[in-house]
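The next block is input-v6.txt, given as compact mmCIF, C-alpha atoms.
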# COMPACT_ATOMS: atom_id res chain seq x y z
CA MET A 1 0.00 0.00 0.00
CA ARG A 2 1.34 3.40 -1.02
CA VAL A 3 0.57 6.33 1.29
CA VAL A 4 1.28 10.00 0.60
CA VAL A 5 1.71 12.13 3.73
CA MET A 6 1.35 15.88 3.26
CA GLY A 7 3.56 17.70 5.76
CA ALA A 8 6.96 16.96 7.33
CA GLY A 9 6.44 18.56 10.72
CA VAL A 10 6.44 16.45 13.86
CA ILE A 11 2.87 15.22 13.14
CA GLY A 12 3.60 14.22 9.54
CA VAL A 13 6.89 12.52 10.37
CA THR A 14 5.51 10.50 13.29
CA THR A 15 2.58 9.44 11.11
CA ALA A 16 5.02 8.36 8.39
CA TYR A 17 7.06 6.38 10.93
CA TYR A 18 4.08 4.41 12.19
CA LEU A 19 2.86 3.80 8.64
CA ALA A 20 6.25 2.48 7.54
CA ARG A 21 6.42 0.37 10.68
CA GLN A 22 3.29 -1.42 9.46
CA GLY A 23 4.78 -2.04 6.02
CA ALA A 24 3.32 0.86 4.04
CA GLU A 25 5.28 2.44 1.21
CA VAL A 26 5.34 6.09 2.29
CA THR A 27 6.10 9.37 0.50
CA VAL A 28 6.22 12.59 2.54
CA LEU A 29 5.78 15.97 0.83
CA ASP A 30 6.81 19.32 2.28
CA ARG A 31 7.48 22.76 0.84
CA GLN A 32 10.44 23.36 3.14
CA ALA A 33 14.02 22.17 2.60
CA GLY A 34 13.85 19.65 5.44
CA PRO A 35 11.71 18.26 8.28
CA GLY A 36 10.37 20.31 11.18
CA LEU A 37 11.11 23.74 9.75
CA GLU A 38 7.80 25.46 10.53
CA THR A 39 5.72 25.11 13.73
CA SER A 40 7.92 22.23 14.96
CA TYR A 41 11.11 24.29 14.69
CA ALA A 42 11.36 26.20 17.98
CA ASN A 43 8.28 25.57 20.09
CA ALA A 44 8.27 25.57 23.89
CA GLY A 45 9.77 22.09 24.10
CA GLU A 46 7.10 20.88 26.53
CA LEU A 47 5.52 17.45 26.42
CA SER A 48 2.54 18.79 28.33
CA TYR A 49 0.60 15.68 29.30
CA GLY A 50 -0.57 17.19 32.58
CA MET A 51 -1.39 20.57 31.03
CA THR A 52 -3.49 19.21 28.16
CA SER A 53 -6.49 21.53 28.17
CA PRO A 54 -8.47 23.53 25.63
CA TRP A 55 -7.91 27.27 25.54
CA ALA A 56 -11.68 27.63 25.35
CA ALA A 57 -12.53 27.45 29.04
CA PRO A 58 -15.05 29.08 31.38
CA GLY A 59 -13.96 32.62 32.20
CA ILE A 60 -11.49 32.93 29.34
CA PRO A 61 -13.34 35.71 27.44
CA MET A 62 -13.09 38.02 30.48
CA LYS A 63 -9.47 37.03 31.12
CA ALA A 64 -8.65 37.70 27.46
CA ILE A 65 -9.95 41.26 27.76
CA LYS A 66 -7.70 41.83 30.79
CA TRP A 67 -4.70 40.31 28.99
CA LEU A 68 -5.10 42.76 26.12
CA PHE A 69 -4.35 45.64 28.51
CA MET A 70 -1.32 44.15 30.24
CA LYS A 71 2.04 45.82 29.65
CA ARG A 72 3.62 42.49 28.77
CA ARG A 73 0.52 40.81 27.54
CA PRO A 74 0.20 37.16 26.54
CA LEU A 75 -2.49 37.87 23.92
CA PHE A 76 -2.63 40.08 20.84
CA ILE A 77 -5.63 40.32 18.51
CA TRP A 78 -5.35 42.25 15.27
CA PRO A 79 -8.85 43.11 13.98
CA LEU A 80 -8.47 41.83 10.43
CA ILE A 81 -11.28 42.00 7.88
CA SER A 82 -11.53 38.23 7.87
CA PRO A 83 -14.84 36.37 8.16
CA THR A 84 -12.87 33.17 8.77
CA MET A 85 -11.06 34.67 11.75
CA TRP A 86 -14.18 36.12 13.35
CA LYS A 87 -16.19 32.95 12.78
CA TRP A 88 -13.43 30.90 14.39
CA GLY A 89 -13.31 33.34 17.32
CA ALA A 90 -17.07 33.12 17.79
CA GLN A 91 -16.92 29.32 17.76
CA MET A 92 -14.20 29.42 20.39
CA VAL A 93 -16.25 31.70 22.65
CA MET A 94 -19.19 29.30 22.28
CA ASN A 95 -16.96 26.57 23.73
CA CYS A 96 -16.11 28.64 26.81
CA ASN A 97 -18.58 26.92 29.12
CA GLU A 98 -18.28 24.13 31.64
CA GLU A 99 -20.10 21.47 29.59
CA SER A 100 -18.07 22.04 26.41
CA TYR A 101 -14.84 22.34 28.37
CA ALA A 102 -15.40 18.96 30.02
CA ILE A 103 -16.13 17.27 26.68
CA ASN A 104 -13.20 18.86 24.88
CA LYS A 105 -10.78 18.25 27.75
CA ALA A 106 -11.66 14.56 27.84
CA ARG A 107 -11.13 14.22 24.08
CA MET A 108 -7.76 15.95 24.22
CA VAL A 109 -6.54 13.97 27.22
CA ARG A 110 -7.46 10.75 25.43
CA VAL A 111 -4.95 11.59 22.69
CA SER A 112 -2.39 13.12 25.05
CA ASN A 113 -2.30 10.18 27.45
CA TYR A 114 -2.02 7.74 24.57
CA SER A 115 0.89 9.77 23.21
CA ARG A 116 2.54 9.74 26.65
CA ASP A 117 2.33 5.94 26.63
CA CYS A 118 3.52 5.54 23.02
CA MET A 119 6.56 7.77 23.16
CA PRO A 120 8.81 5.63 25.41
CA ASP A 121 8.32 2.68 23.06
CA LEU A 122 9.20 4.82 20.04
CA ILE A 123 12.36 6.10 21.74
CA ALA A 124 13.33 2.55 22.74
CA GLU A 125 12.75 1.29 19.18
CA THR A 126 14.67 4.06 17.45
CA GLY A 127 17.24 5.19 20.03
CA ILE A 128 16.94 8.79 18.83
CA GLU A 129 18.28 11.69 20.89
CA TYR A 130 16.33 14.92 21.36
CA ASP A 131 17.65 16.59 24.54
CA GLY A 132 14.86 14.90 26.48
CA ARG A 133 14.30 15.20 30.23
CA GLU A 134 11.67 13.67 32.53
CA GLN A 135 11.51 16.13 35.43
CA GLY A 136 7.98 17.49 35.05
CA THR A 137 6.60 21.00 34.61
CA LEU A 138 6.44 23.59 37.38
CA GLN A 139 3.51 25.98 36.98
CA LEU A 140 4.79 29.02 38.87
CA PHE A 141 2.35 31.32 40.68
CA ARG A 142 3.32 34.89 41.46
CA THR A 143 0.23 35.60 43.58
CA GLU A 144 -1.82 33.85 46.26
CA LYS A 145 -4.88 34.27 44.07
CA GLN A 146 -3.26 32.19 41.33
CA LEU A 147 -2.26 29.52 43.84
CA LYS A 148 -5.77 29.29 45.26
CA GLY A 149 -7.24 29.31 41.75
CA SER A 150 -5.21 26.23 40.86
CA LYS A 151 -7.54 24.14 43.04
CA ALA A 152 -9.84 23.66 40.04
CA ASP A 153 -6.90 22.43 37.96
CA GLN A 154 -5.92 20.04 40.71
CA GLU A 155 -9.40 18.49 40.70
CA ILE A 156 -9.24 18.01 36.94
CA LEU A 157 -5.75 16.48 37.14
CA ALA A 158 -7.01 14.04 39.77
CA GLN A 159 -10.00 13.20 37.60
CA PHE A 160 -7.73 12.17 34.73
CA ASP A 161 -5.16 10.39 36.94
CA SER A 162 -2.43 12.89 36.11
CA PRO A 163 0.05 13.02 39.03
CA TYR A 164 0.86 16.39 40.57
CA GLU A 165 2.05 18.05 43.75
CA VAL A 166 1.31 21.48 45.22
CA LEU A 167 4.47 23.29 46.32
CA ASP A 168 5.15 26.28 48.52
CA ARG A 169 8.02 28.65 47.78
CA ASP A 170 10.65 26.35 49.30
CA GLY A 171 9.21 23.36 47.45
CA CYS A 172 9.56 25.20 44.14
CA ILE A 173 13.18 26.02 44.94
CA ALA A 174 13.85 22.38 45.83
CA VAL A 175 12.94 21.27 42.29
CA GLU A 176 14.32 24.37 40.55
CA PRO A 177 17.22 25.59 42.73
CA ALA A 178 17.97 28.65 40.58
CA LEU A 179 14.66 30.17 41.68
CA ALA A 180 16.26 30.88 45.06
CA GLU A 181 17.76 33.97 43.42
CA VAL A 182 14.26 35.42 42.87
CA LYS A 183 12.29 33.86 45.71
CA GLY A 184 10.44 37.11 46.39
CA LYS A 185 8.77 36.99 42.96
CA PHE A 186 6.55 33.93 43.47
CA VAL A 187 4.51 32.29 46.21
CA GLY A 188 4.27 28.67 45.13
CA GLY A 189 3.58 26.30 42.28
CA LEU A 190 1.83 23.26 40.88
CA ARG A 191 4.22 20.58 39.68
CA LEU A 192 2.99 18.22 36.97
CA LEU A 193 4.99 15.04 37.43
CA ALA A 194 4.13 13.24 34.17
CA ASP A 195 5.32 16.05 31.90
CA ARG A 196 8.56 15.78 29.96
CA THR A 197 10.66 18.12 27.87
CA GLY A 198 12.64 17.86 24.66
CA ASP A 199 13.61 19.56 21.41
CA CYS A 200 10.78 18.94 18.95
CA ARG A 201 12.88 19.93 15.92
CA MET A 202 15.72 17.59 16.97
CA PHE A 203 13.21 14.77 17.49
CA THR A 204 11.59 15.37 14.10
CA MET A 205 14.92 15.42 12.25
CA ALA A 206 16.17 12.27 13.96
CA LEU A 207 12.91 10.41 13.36
CA ALA A 208 12.90 11.50 9.70
CA ASP A 209 16.35 9.93 9.36
CA LYS A 210 15.02 6.70 10.85
CA CYS A 211 12.06 6.83 8.48
CA ALA A 212 14.42 7.21 5.51
CA GLU A 213 16.32 4.12 6.72
CA MET A 214 12.97 2.30 6.71
CA GLY A 215 12.37 3.28 3.09
CA VAL A 216 10.23 6.40 3.51
CA GLU A 217 10.76 8.84 0.65
CA PHE A 218 10.91 12.53 1.57
CA GLN A 219 10.31 15.04 -1.19
CA TYR A 220 11.24 18.50 0.06
CA GLY A 221 10.72 21.79 -1.72
CA GLN A 222 7.35 20.54 -2.94
CA SER A 223 4.64 23.16 -2.56
CA ILE A 224 1.22 21.55 -2.79
CA ARG A 225 -1.10 23.17 -5.31
CA GLY A 226 -4.10 21.01 -4.51
CA ILE A 227 -5.64 17.58 -4.05
CA ALA A 228 -6.97 15.90 -7.18
CA VAL A 229 -10.33 14.14 -6.79
CA GLU A 230 -12.20 11.95 -9.24
CA ASP A 231 -15.38 9.91 -8.72
CA GLY A 232 -15.44 10.58 -5.00
CA LYS A 233 -11.86 9.50 -4.45
CA VAL A 234 -8.48 11.19 -4.16
CA ILE A 235 -6.31 10.32 -7.15
CA GLY A 236 -3.24 12.41 -6.36
CA VAL A 237 -1.58 15.47 -4.85
CA ASP A 238 -0.58 18.15 -7.33
CA THR A 239 2.73 19.89 -6.60
CA GLU A 240 4.43 22.83 -8.25
CA MET A 241 7.72 21.10 -8.98
CA ALA A 242 7.05 17.36 -9.38
CA GLY A 243 3.54 17.47 -10.79
CA ARG A 244 1.08 14.89 -9.51
CA ILE A 245 2.18 12.49 -6.75
CA THR A 246 -0.04 9.43 -6.49
CA GLY A 247 -0.71 6.79 -3.89
CA ASP A 248 -3.42 4.48 -2.62
CA LYS A 249 -4.15 6.56 0.47
CA TYR A 250 -3.37 10.10 1.62
CA VAL A 251 -2.86 11.82 4.98
CA CYS A 252 -3.10 15.61 5.40
CA ALA A 253 -0.80 16.77 8.20
CA LEU A 254 -0.32 20.36 7.06
CA GLY A 255 -1.08 22.13 10.33
CA SER A 256 -2.43 25.65 9.85
CA TYR A 257 -2.33 25.26 6.08
CA ALA A 258 -4.59 22.20 5.96
CA PRO A 259 -7.80 24.26 5.43
CA MET A 260 -6.32 25.90 2.32
CA VAL A 261 -5.67 22.52 0.68
CA LEU A 262 -8.87 20.85 1.88
CA LYS A 263 -11.41 23.59 1.15
CA PRO A 264 -11.31 23.17 -2.67
CA VAL A 265 -12.31 19.51 -2.25
CA GLY A 266 -15.24 20.36 0.02
CA ILE A 267 -13.71 19.80 3.45
CA ARG A 268 -14.01 22.91 5.61
CA LEU A 269 -12.06 22.76 8.84
CA PRO A 270 -12.16 25.51 11.48
CA VAL A 271 -8.38 25.37 11.93
CA TYR A 272 -6.91 28.84 12.34
CA PRO A 273 -3.29 29.97 12.86
CA VAL A 274 -2.46 31.39 16.29
CA LYS A 275 1.01 32.87 16.20
CA GLY A 276 3.52 32.15 18.94
CA TYR A 277 7.02 33.41 19.70
CA SER A 278 10.14 32.02 21.27
CA VAL A 279 13.78 32.79 21.94
CA THR A 280 16.56 30.25 22.40
CA LEU A 281 19.68 31.21 24.31
CA PRO A 282 22.80 29.44 25.57
CA VAL A 283 23.16 28.43 29.22
CA THR A 284 25.91 30.44 30.90
CA ASP A 285 25.80 28.89 34.37
CA ASP A 286 24.00 25.63 35.12
CA ALA A 287 23.56 26.54 38.78
CA PHE A 288 21.44 29.54 37.81
CA ALA A 289 19.55 27.96 34.89
CA PRO A 290 16.26 26.04 34.82
CA GLN A 291 16.45 22.25 35.03
CA SER A 292 13.12 21.37 33.39
CA THR A 293 10.11 23.51 32.38
CA ILE A 294 8.70 26.44 34.33
CA MET A 295 5.38 27.92 33.24
CA ASP A 296 4.98 31.53 34.37
CA GLU A 297 1.25 31.66 35.03
CA THR A 298 1.10 35.47 34.92
CA HIS A 299 2.60 35.91 31.47
CA LYS A 300 1.70 32.46 30.07
CA VAL A 301 5.35 31.93 29.14
CA ALA A 302 7.18 28.59 29.27
CA ILE A 303 10.90 28.36 30.09
CA THR A 304 12.39 25.01 29.11
CA ARG A 305 15.84 23.52 29.50
CA LEU A 306 17.07 21.83 26.32
CA GLY A 307 20.58 20.49 26.89
CA ASP A 308 22.93 23.46 26.98
CA ARG A 309 20.20 25.82 25.78
CA ILE A 310 17.14 27.52 27.23
CA ARG A 311 13.95 27.86 25.20
CA VAL A 312 11.48 30.58 26.25
CA ALA A 313 8.15 30.56 24.46
CA GLY A 314 4.75 32.21 24.72
CA THR A 315 2.32 34.81 23.41
CA ALA A 316 -0.81 34.14 21.39
CA GLU A 317 -1.22 36.49 18.47
CA ILE A 318 -4.27 36.26 16.23
CA ALA A 319 -3.12 37.93 13.05
CA GLY A 320 -3.87 35.59 10.15
CA TYR A 321 -0.99 33.91 8.35
CA SER A 322 1.61 36.56 9.09
CA GLY A 323 5.08 35.12 9.67
CA ARG A 324 6.65 38.46 10.54
CA LEU A 325 9.02 38.61 13.51
CA GLY A 326 8.84 42.26 14.48
CA PRO A 327 11.53 44.08 16.51
CA HIS A 328 9.51 43.92 19.76
CA ALA A 329 7.73 40.60 19.15
CA THR A 330 9.80 38.68 21.70
CA ASP A 331 9.84 41.38 24.40
CA THR A 332 7.52 39.42 26.72
CA VAL A 333 9.46 36.14 26.59
CA ARG A 334 12.75 38.01 26.98
CA HIS A 335 11.39 39.80 30.04
CA VAL A 336 10.30 36.56 31.71
CA ILE A 337 13.64 34.76 31.32
CA SER A 338 15.50 37.86 32.53
CA ASP A 339 13.12 38.22 35.47
CA LEU A 340 13.22 34.61 36.72
CA PHE A 341 16.67 33.37 35.65
CA PRO A 342 18.78 36.51 35.23
CA LYS A 343 22.10 34.66 35.56
CA GLY A 344 21.16 31.44 33.76
CA GLY A 345 21.56 32.34 30.10
CA ASP A 346 23.01 34.90 27.75
CA ILE A 347 20.02 36.94 26.55
CA SER A 348 22.29 38.92 24.21
CA LYS A 349 22.71 35.73 22.15
CA ALA A 350 19.02 34.84 22.06
CA GLU A 351 17.69 33.64 18.70
CA GLY A 352 14.13 34.80 18.04
CA TRP A 353 11.53 32.71 16.20
CA THR A 354 7.84 32.76 15.36
CA GLY A 355 5.48 30.03 14.22
CA LEU A 356 1.80 29.38 13.52
CA ARG A 357 -0.06 27.00 15.81
CA PRO A 358 -2.97 25.21 14.08
CA MET A 359 -5.84 25.83 16.52
CA THR A 360 -9.36 24.47 16.47
CA PRO A 361 -12.04 26.43 18.36
CA ASP A 362 -12.62 23.51 20.71
CA GLY A 363 -8.93 22.70 21.19
CA THR A 364 -9.26 19.10 19.99
CA PRO A 365 -7.21 17.95 16.98
CA VAL A 366 -8.90 16.70 13.81
CA MET A 367 -7.92 13.13 13.08
CA GLY A 368 -8.99 10.16 11.00
CA ALA A 369 -11.42 9.62 8.16
CA THR A 370 -13.00 12.14 5.81
CA ARG A 371 -15.77 12.12 3.20
CA TYR A 372 -13.22 10.50 0.85
CA ASP A 373 -12.51 6.91 1.79
CA ASN A 374 -8.78 7.22 1.01
CA LEU A 375 -8.09 10.65 2.58
CA TYR A 376 -7.29 11.02 6.29
CA LEU A 377 -6.54 13.97 8.58
CA ASN A 378 -4.01 14.59 11.33
CA THR A 379 -4.04 18.31 12.07
CA GLY A 380 -5.38 21.01 14.41
CA HIS A 381 -3.25 20.16 17.45
CA GLY A 382 -2.73 23.81 18.42
CA THR A 383 0.03 24.22 21.00
CA LEU A 384 0.09 20.47 21.68
CA GLY A 385 1.43 19.01 18.44
CA TRP A 386 4.67 17.94 20.11
CA THR A 387 2.74 16.53 23.06
CA MET A 388 0.27 14.56 20.93
CA ALA A 389 2.53 13.61 18.02
CA CYS A 390 3.31 10.00 18.89
CA GLY A 391 -0.24 9.15 19.92
CA SER A 392 -2.01 10.81 17.02
CA GLY A 393 0.59 9.54 14.53
CA ARG A 394 0.19 5.97 15.69
CA ALA A 395 -3.60 6.10 15.90
CA VAL A 396 -4.05 7.64 12.45
CA ALA A 397 -1.55 5.19 10.94
CA ASP A 398 -3.59 2.32 12.39
CA VAL A 399 -6.78 3.66 10.81
CA VAL A 400 -5.08 4.16 7.43
CA CYS A 401 -3.75 0.61 7.52
CA GLY A 402 -7.17 -0.82 8.39
CA LYS A 403 -6.18 -1.74 11.92
CA GLU A 404 -8.38 -1.10 14.95
CA PRO A 405 -6.85 1.89 16.77
CA GLU A 406 -6.10 1.59 20.47
CA ILE A 407 -8.06 4.75 21.28
CA SER A 408 -11.56 5.78 20.26
CA PHE A 409 -11.89 8.35 17.49
CA ASP A 410 -15.27 9.46 18.83
CA GLY A 411 -15.31 13.27 18.77
CA LEU A 412 -11.88 13.49 17.11
CA THR A 413 -12.86 13.39 13.44
CA ALA A 414 -14.11 16.14 11.13
CA ALA A 415 -17.63 14.73 11.67
CA ARG A 416 -17.99 16.95 14.74
CA TYR A 417 -17.94 19.94 12.37
CA GLY A 418 -20.50 18.37 10.05
CA GLN A 419 -17.82 17.35 7.55
For the structure just supplied, provide its representation as structure tokens.
Amino acid sequence: MRVVVMGAGVIGVTTAYYLARQGAEVTVLDRQAGPGLETSYANAGELSYGMTSPWAAPGIPMKAIKWLFMKRRPLFIWPLISPTMWKWGAQMVMNCNEESYAINKARMVRVSNYSRDCMPDLIAETGIEYDGREQGTLQLFRTEKQLKGSKADQEILAQFDSPYEVLDRDGCIAVEPALAEVKGKFVGGLRLLADRTGDCRMFTMALADKCAEMGVEFQYGQSIRGIAVEDGKVIGVDTEMAGRITGDKYVCALGSYAPMVLKPVGIRLPVYPVKGYSVTLPVTDDAFAPQSTIMDETHKVAITRLGDRIRVAGTAEIAGYSGRLGPHATDTVRHVISDLFPKGGDISKAEGWTGLRPMTPDGTPVMGATRYDNLYLNTGHGTLGWTMACGSGRAVADVVCGKEPEISFDGLTAARYGQ
């Protein structure tokens, strides 16, 4: 069976790996010069199993208004003349209620937990290196109000059997000793014990190499012009350079760009790009640097240790498909690393980056079958593509190969949007 995978980010490459592992003949197409060069390139580095939650939550609309007026705000909204953007925003607001949140959270955790369980096996099978650590995530609270407000999160974590511990100031310093330098800037934290960290780009590159050893063909520099359909079936993927690429089955793992390719063939997905920013800087003194991931609850910024580097990522900017990295775009993430770990890394050598997260209004990815019996989806993971990659890649590969997946696809497919 020949399978064409559209997209060589972490989702596309993990899908290709699990397809090849089951004996499929796989071709991966991507417009970039190599794997993991877009959203997978410099994300936060968090494998956020414990923090798997939809952005659309009760109280978020009011919080979002407050965030817009913060000096170092975590949210930017540019009022574009875009019906798609405003429709997506309205759908997201409609999901900001307790009933929808519970449904969406459960769907997301189903994929996230499965991914958590799949990843160790993949690492054992392949032996790939990706600057991985297994020391959890520390959600850092600067105020007593934030600490008390985490009680609701603790109840949800307990509901989904996700291990955690509540820490006071000294407890936070015990797991992240460098915080002793700024102990007056926080009151406590919530440590998520199942979370891991690692370089998504490094993982994607190493796994792509393993895929190539297994016979997977990667065609880079191939911009996709469209999907060719005939008699209710996909007959090929049209590219600018190589013309039509054909297979028996097809998987769309194009992230934020999936709707552009799918819309002409009648599949309308509410996947919209939410821009994020990061900086990566070298560690200057291990004693004053983070050891795992710290999530600054006030600024919604993650600080992650990746080997001899520190990755600082955050900000949600709703501005269409803009890839511009403006002169002040990384001010918030730079402030947070300087504020919490002033001696840990060299901010003067920080490399800035921006990428587009493929967000659905309900937070849940779009996976599995479509109206065409040989076209499948694996997109819409938002900020959790790295977290969900192994689980969603394996599950979708099983469906493509006609095997019963180990998790239910109920509520995960495009059917929930009437597609």
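Proximity ranking of A:Pro79, A:Pro74, A:Gly382, A:Gly345 relative to A:Leu281 places A:Gly345 first, based on only C-alpha atoms.
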If you count all atoms listed in the file, which residues fall within 12 Å of stretch 118-131 of chain A, apart from same-chain ones fewer than 4 positions away, as a PDB file with C-alpha atoms, in the frame of the given file?
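Result file result-v2.pdb:
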ATOM      1  CA  THR A  14       5.510  10.500  13.290  1.00  0.00           C
ATOM      2  CA  TYR A  17       7.060   6.380  10.930  1.00  0.00           C
ATOM      3  CA  TYR A  18       4.080   4.410  12.190  1.00  0.00           C
ATOM      4  CA  ARG A  21       6.420   0.370  10.680  1.00  0.00           C
ATOM      5  CA  GLY A  45       9.770  22.090  24.100  1.00  0.00           C
ATOM      6  CA  GLU A  46       7.100  20.880  26.530  1.00  0.00           C
ATOM      7  CA  LEU A  47       5.520  17.450  26.420  1.00  0.00           C
ATOM      8  CA  TYR A  49       0.600  15.680  29.300  1.00  0.00           C
ATOM      9  CA  VAL A 111      -4.950  11.590  22.690  1.00  0.00           C
ATOM     10  CA  SER A 112      -2.390  13.120  25.050  1.00  0.00           C
ATOM     11  CA  ASN A 113      -2.300  10.180  27.450  1.00  0.00           C
ATOM     12  CA  TYR A 114      -2.020   7.740  24.570  1.00  0.00           C
ATOM     13  CA  ARG A 196       8.560  15.780  29.960  1.00  0.00           C
ATOM     14  CA  THR A 197      10.660  18.120  27.870  1.00  0.00           C
ATOM     15  CA  GLY A 198      12.640  17.860  24.660  1.00  0.00           C
ATOM     16  CA  ASP A 199      13.610  19.560  21.410  1.00  0.00           C
ATOM     17  CA  CYS A 200      10.780  18.940  18.950  1.00  0.00           C
ATOM     18  CA  ARG A 201      12.880  19.930  15.920  1.00  0.00           C
ATOM     19  CA  MET A 202      15.720  17.590  16.970  1.00  0.00           C
ATOM     20  CA  PHE A 203      13.210  14.770  17.490  1.00  0.00           C
ATOM     21  CA  THR A 204      11.590  15.370  14.100  1.00  0.00           C
ATOM     22  CA  MET A 205      14.920  15.420  12.250  1.00  0.00           C
ATOM     23  CA  ALA A 206      16.170  12.270  13.960  1.00  0.00           C
ATOM     24  CA  LEU A 207      12.910  10.410  13.360  1.00  0.00           C
ATOM     25  CA  ALA A 208      12.900  11.500   9.700  1.00  0.00           C
ATOM     26  CA  ASP A 209      16.350   9.930   9.360  1.00  0.00           C
ATOM     27  CA  LYS A 210      15.020   6.700  10.850  1.00  0.00           C
ATOM     28  CA  CYS A 211      12.060   6.830   8.480  1.00  0.00           C
ATOM     29  CA  GLU A 213      16.320   4.120   6.720  1.00  0.00           C
ATOM     30  CA  MET A 214      12.970   2.300   6.710  1.00  0.00           C
ATOM     31  CA  GLN A 291      16.450  22.250  35.030  1.00  0.00           C
ATOM     32  CA  SER A 292      13.120  21.370  33.390  1.00  0.00           C
ATOM     33  CA  THR A 304      12.390  25.010  29.110  1.00  0.00           C
ATOM     34  CA  ARG A 305      15.840  23.520  29.500  1.00  0.00           C
ATOM     35  CA  LEU A 306      17.070  21.830  26.320  1.00  0.00           C
ATOM     36  CA  GLY A 307      20.580  20.490  26.890  1.00  0.00           C
ATOM     37  CA  ASP A 308      22.930  23.460  26.980  1.00  0.00           C
ATOM     38  CA  ARG A 309      20.200  25.820  25.780  1.00  0.00           C
ATOM     39  CA  ILE A 310      17.140  27.520  27.230  1.00  0.00           C
ATOM     40  CA  ARG A 311      13.950  27.860  25.200  1.00  0.00           C
ATOM     41  CA  TRP A 386       4.670  17.940  20.110  1.00  0.00           C
ATOM     42  CA  THR A 387       2.740  16.530  23.060  1.00  0.00           C
ATOM     43  CA  MET A 388       0.270  14.560  20.930  1.00  0.00           C
ATOM     44  CA  ALA A 389       2.530  13.610  18.020  1.00  0.00           C
ATOM     45  CA  CYS A 390       3.310  10.000  18.890  1.00  0.00           C
ATOM     46  CA  GLY A 391      -0.240   9.150  19.920  1.00  0.00           C
ATOM     47  CA  SER A 392      -2.010  10.810  17.020  1.00  0.00           C
ATOM     48  CA  GLY A 393       0.590   9.540  14.530  1.00  0.00           C
ATOM     49  CA  ARG A 394       0.190   5.970  15.690  1.00  0.00           C
ATOM     50  CA  ALA A 395      -3.600   6.100  15.900  1.00  0.00           C
ATOM     51  CA  GLU A 406      -6.100   1.590  20.470  1.00  0.00           C
ATOM     52  CA  ILE A 407      -8.060   4.750  21.280  1.00  0.00           C
TER      53      ILE A 407
END
Pick out the residues sitting within 8 Å of A:Val26, and hand them over as a PDB file with C-alpha atoms, in the frame of the given file; count all atoms listed in the file, and ignore anything fewer than 3 positions along from it in its own chain.
ATOM      1  CA  ARG A   2       1.340   3.400  -1.020  1.00  0.00           C
ATOM      2  CA  VAL A   3       0.570   6.330   1.290  1.00  0.00           C
ATOM      3  CA  VAL A   4       1.280  10.000   0.600  1.00  0.00           C
ATOM      4  CA  VAL A   5       1.710  12.130   3.730  1.00  0.00           C
ATOM      5  CA  ALA A  16       5.020   8.360   8.390  1.00  0.00           C
ATOM      6  CA  LEU A  19       2.860   3.800   8.640  1.00  0.00           C
ATOM      7  CA  ALA A  20       6.250   2.480   7.540  1.00  0.00           C
ATOM      8  CA  GLY A 215      12.370   3.280   3.090  1.00  0.00           C
ATOM      9  CA  VAL A 216      10.230   6.400   3.510  1.00  0.00           C
ATOM     10  CA  GLU A 217      10.760   8.840   0.650  1.00  0.00           C
TER      11      GLU A 217
END
**Report entry** Å distance separating atom CA of A:Ser48 from atom CA of A:Thr360, one decimal place
**Finding:**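 Between these atoms lies a distance of 17.7 Å.
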Query raised in the report: Between A:Val109, A:Leu29, A:Val251, A:Val93, which is the closest to A:Cys401 once you count only C-alpha atoms?
Result: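 Going through A:Val109, A:Leu29, A:Val251, A:Val93 one by one, the smallest distance to A:Cys401 is for A:Val251.
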Report task. Grab the atom CA of A:Ile227 to atom CA of A:Thr27 distance for me, in Å with one decimal place. Result ->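 Computed distance, atom CA of A:Ile227 to atom CA of A:Thr27, equals 15.0 Å.
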Query raised in the report: Rounded to one decimal in Å, what is the spacing between atom CA of A:Thr379 and atom CA of A:Gly255?
Result: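 About the pair atom CA of A:Thr379 and atom CA of A:Gly255: they are 5.1 Å apart.
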Report task. Starting from the point (6.3, 41.6, 15.3), work out which residues of protein, DNA or RNA have an atom no more than 12 Å away when counting all atoms listed in the file; state them as an NGL selection string. Result -> :A and (76 or 78 or 275-278 or 315-319 or 322-332 or 352-355)
Query raised in the report: Between A:Val400, A:Val301, A:Ala287, A:Val333, which has the minimum distance to A:Pro177 (counting only C-alpha atoms)?
Result: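 Among the listed residues, the smallest separation from A:Pro177 belongs to A:Ala287.
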Report task. Excluding A:Asn374 and any residue of its chain fewer than 2 positions from it, enumerate the residues within 12 Å of it, using only C-alpha atoms, and give them as a VMD selection string. Result -> chain A and resid 1 to 5 227 229 to 230 232 to 236 246 to 252 368 to 372 376 to 377 399 to 402
